[in-house]
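To start, the structure under review is shown below, and the notes come after it.
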Amino acid sequence: MIKEIHEKFLRVTPKFCPGCGNITVLDSIISVIGDLYGTMDDFVFLSGIGCAAWIPSPHIKADTIHTTHGRSITFATGVKLANPDLNLVVISGDGDLAGIGGNHLIHAARRNVEITVICVNNLIYGMTGGQLSPTTPQGAITRTTLSGNIEYPFNLAKLVAYTGGSYVARWTIADKIQLQRSIGKALKKGQKGFAFVEVISPCPTQFIRRNLKAFQTAKDELNLGEFIDVERKGFVGTIRNSIGKNHSIRMKQ
């Protein structure tokens with residue numbers, strides 16, 4: 001089954017570090033889309049910079065936009081405004097979405113922009129050398145915290161839930177069945193509001209080998225599951241309805 005899905009929906013064979021959870025996330029996304037939609041024709045995938053940003057581009061055989069660092073959500077908002085019938089899916093990492101792109105993340109959730117965001121949280125800046133990220137657990141050793149991280153990390157799922165997301169869930173790469181169910185819900189919810197799925201996927205190259213104890217502590221402190229699943233008016237739909245009403249008023253005048 002996986003082989004058939006790969007042949008149908010992938011451009012190239014996935015290549016990530018041994019033990020990387022990105023392959024699990026990629027397989028989960030394309031499997032869910034294959035089951036629910038059967039085609040990628042109405043999908044646009046966007047990503048920023050980092051290991052997780054390589055999940056859609058160059059791998060997924062669909063329209064993809066590989067954007068500048070931290071700007072994938074803003075590009076997705078623009079595409080959705082231009083063509084609201086498309087399914088917009090942002091796939092990127094914690095450094096890209098919560099670091100340089102953090103402001104875009106919280107405001108897209110606040111506005112309830114009709115997109116789906118899948119954040120692969122590897123707890124560190126993996127591709128760029130193993131530096132501290134906004135989600136690195138306290139005490140963790142990184143290239144920029146050699147004595148241990150003293151900062152408090154973001155709880156991304158709670159952050160998005162509190163700022164206004166319509167659907168928010170968090171799973172690990174070990175929870176593949178639950179993760180796929182949440183991705184399916186998020187894709188549907190993302191057509192009407194802001195949907196966010198956080199996937200805890202610690203980087204085996206830059207994080208795990210230095211931080212087994214810190215990872216265990218962080219894992220025990222993070223709740224998993226679905227946190228928000230509500231109906232709210234979407235940002236793009238509200239704008240387009242407003243434009244239509246104003247245009248109708250001007251025509252009558």
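All residue names refer to the structure tokens as shown: chains lettered A, B, ... in order, residues numbered from 1 in each chain, ligands numbered from 1 in order.
Per DSSP on the backbone, strand (DSSP E or B) in segment 60-153 of chain A comprises A:Ile60, A:Asp63, A:Thr64, A:Ile65, A:His66, A:Asn87, A:Leu88, A:Val89, A:Val90, A:Ile91, A:Ser92, A:Gly93, A:Thr116, A:Val117, A:Ile118, A:Cys119, A:Val120, A:Asn121, A:Tyr125, A:Gln131, A:Thr142, A:Thr145.
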Using DSSP on the backbone, list every residue of segment 77-197 of chain A that comes out as helix (DSSP H, G or I), and give them as number ranges by chain.
A: 77-82, 94-100, 102-111, 156-163, 176-189
Same residues, C-alpha atoms, output as a PDB file, in the first residue's frame:
```pdb
ATOM      1  CA  THR A  77      -2.800  33.318   3.069  1.00  0.00           C
ATOM      2  CA  GLY A  78      -2.174  35.103  -0.232  1.00  0.00           C
ATOM      3  CA  VAL A  79      -2.862  31.975  -2.281  1.00  0.00           C
ATOM      4  CA  LYS A  80      -6.072  31.328  -0.327  1.00  0.00           C
ATOM      5  CA  LEU A  81      -7.258  34.899  -0.914  1.00  0.00           C
ATOM      6  CA  ALA A  82      -6.584  34.508  -4.633  1.00  0.00           C
ATOM      7  CA  ASP A  94       9.342  24.679  14.863  1.00  0.00           C
ATOM      8  CA  GLY A  95      12.245  26.992  14.015  1.00  0.00           C
ATOM      9  CA  ASP A  96      10.595  28.171  10.820  1.00  0.00           C
ATOM     10  CA  LEU A  97       7.014  28.474  12.102  1.00  0.00           C
ATOM     11  CA  ALA A  98       7.551  29.459  15.744  1.00  0.00           C
ATOM     12  CA  GLY A  99      10.916  31.235  15.497  1.00  0.00           C
ATOM     13  CA  ILE A 100      11.285  33.657  12.616  1.00  0.00           C
ATOM     14  CA  GLY A 102       6.125  33.085  15.014  1.00  0.00           C
ATOM     15  CA  ASN A 103       4.302  36.356  14.510  1.00  0.00           C
ATOM     16  CA  HIS A 104       2.681  35.068  11.325  1.00  0.00           C
ATOM     17  CA  LEU A 105       1.603  31.888  13.121  1.00  0.00           C
ATOM     18  CA  ILE A 106      -0.245  33.599  15.954  1.00  0.00           C
ATOM     19  CA  HIS A 107      -1.943  36.166  13.729  1.00  0.00           C
ATOM     20  CA  ALA A 108      -3.084  33.576  11.184  1.00  0.00           C
ATOM     21  CA  ALA A 109      -4.618  31.643  14.081  1.00  0.00           C
ATOM     22  CA  ARG A 110      -6.162  34.836  15.489  1.00  0.00           C
ATOM     23  CA  ARG A 111      -7.676  35.691  12.110  1.00  0.00           C
ATOM     24  CA  LEU A 156       2.850  25.447  20.467  1.00  0.00           C
ATOM     25  CA  ALA A 157      -0.445  23.596  20.621  1.00  0.00           C
ATOM     26  CA  LYS A 158      -1.622  25.710  23.567  1.00  0.00           C
ATOM     27  CA  LEU A 159      -0.323  28.876  21.934  1.00  0.00           C
ATOM     28  CA  VAL A 160      -2.376  28.289  18.776  1.00  0.00           C
ATOM     29  CA  ALA A 161      -5.408  27.139  20.766  1.00  0.00           C
ATOM     30  CA  TYR A 162      -5.373  30.312  22.873  1.00  0.00           C
ATOM     31  CA  THR A 163      -4.867  32.619  19.904  1.00  0.00           C
ATOM     32  CA  LYS A 176       0.750   7.230  13.757  1.00  0.00           C
ATOM     33  CA  ILE A 177      -2.918   6.183  13.836  1.00  0.00           C
ATOM     34  CA  GLN A 178      -3.953   9.177  15.949  1.00  0.00           C
ATOM     35  CA  LEU A 179      -1.758  11.466  13.866  1.00  0.00           C
ATOM     36  CA  GLN A 180      -3.395  10.376  10.628  1.00  0.00           C
ATOM     37  CA  ARG A 181      -6.866  10.863  12.082  1.00  0.00           C
ATOM     38  CA  SER A 182      -5.937  14.385  13.172  1.00  0.00           C
ATOM     39  CA  ILE A 183      -4.414  15.212   9.788  1.00  0.00           C
ATOM     40  CA  GLY A 184      -7.668  14.120   8.150  1.00  0.00           C
ATOM     41  CA  LYS A 185      -9.697  16.332  10.489  1.00  0.00           C
ATOM     42  CA  ALA A 186      -7.280  19.220  10.019  1.00  0.00           C
ATOM     43  CA  LEU A 187      -7.482  19.060   6.221  1.00  0.00           C
ATOM     44  CA  LYS A 188     -11.272  19.299   6.364  1.00  0.00           C
ATOM     45  CA  LYS A 189     -11.268  21.980   9.050  1.00  0.00           C
TER      46      LYS A 189
END
```
When distances are computed from only C-alpha atoms, which of A:Pro18, A:Gly193, A:Gly165, A:Gly101 shows the smallest separation from Phe235 of chain A?
A:Gly193
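Excluding segment 150-152 of chain A itself and any same-chain residue fewer than 2 positions from it, the protein and nucleic acid residues within 8 Å of it, counting only C-alpha atoms, are Pro137, Gln138, Gly139, Gly148 and Phe154 of chain A.
Residue nearest Thr145 of chain A within the list A:Gln206, A:Gln131, A:Asn87, A:Asn211: A:Gln131 [criterion: smallest interatomic distance, only C-alpha atoms].
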Could you name the residues that touch Leu46 of chain A at 10 Å or less, counting only C-alpha atoms, but leaving out those on the same chain fewer than 6 positions away, as an MDAnalysis selection string?
chainID A and resid 53:57 63:67 71:76 88:92 117
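Counting only C-alpha atoms, Asp35 of chain A has the following residues at most 12 Å away, ignoring those fewer than 2 positions along the same chain: Met1, Ile2, Ile5, Ser28, Ile29, Ile30, Ser31, Val32, Ile33, Tyr37, Gly38, Thr39, Met40, Gln180, Arg181, Ile183 and Gly184 of chain A.
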Long-range neighbours of segment 172-175 of chain A as a PyMOL selection string, 9 Å cut-off, only C-alpha atoms, 2 positions minimum in chain
chain A and resi 21-22+24-25+170+177-180+198-201+224
Test item: residues at most 9 Å from Asp229 of chain A, only C-alpha atoms, excluding those fewer than 2 positions along its chain, as a PyMOL selection string:
chain A and resi 165-169+189+195+226-227+231
Residues as selected, C-alpha atoms, written as a PDB file, in the first residue's frame, can you do that?
```
ATOM      1  CA  GLY A 165      -7.289  28.152  15.972  1.00  0.00           C
ATOM      2  CA  SER A 166     -10.381  26.218  14.897  1.00  0.00           C
ATOM      3  CA  TYR A 167      -8.667  22.852  15.191  1.00  0.00           C
ATOM      4  CA  VAL A 168      -5.565  22.107  17.265  1.00  0.00           C
ATOM      5  CA  ALA A 169      -3.969  18.739  18.003  1.00  0.00           C
ATOM      6  CA  LYS A 189     -11.268  21.980   9.050  1.00  0.00           C
ATOM      7  CA  ALA A 195      -6.181  24.068  11.588  1.00  0.00           C
ATOM      8  CA  GLU A 226      -6.990  17.126  20.335  1.00  0.00           C
ATOM      9  CA  PHE A 227      -7.305  20.443  22.143  1.00  0.00           C
ATOM     10  CA  GLU A 231     -16.630  26.288  14.251  1.00  0.00           C
TER      11      GLU A 231
END
```
One decimal, in Å: what's the spacing between atom CA of Phe215 of chain A and atom CA of Thr142 of chain A?
12.5 Å
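Interatomic distance, atom CA of Cys20 of chain A against atom CA of Phe194 of chain A: 27.0 Å.
Note that atom CA of Ala52 of chain A and atom CA of Asn155 of chain A are 18.5 Å apart.
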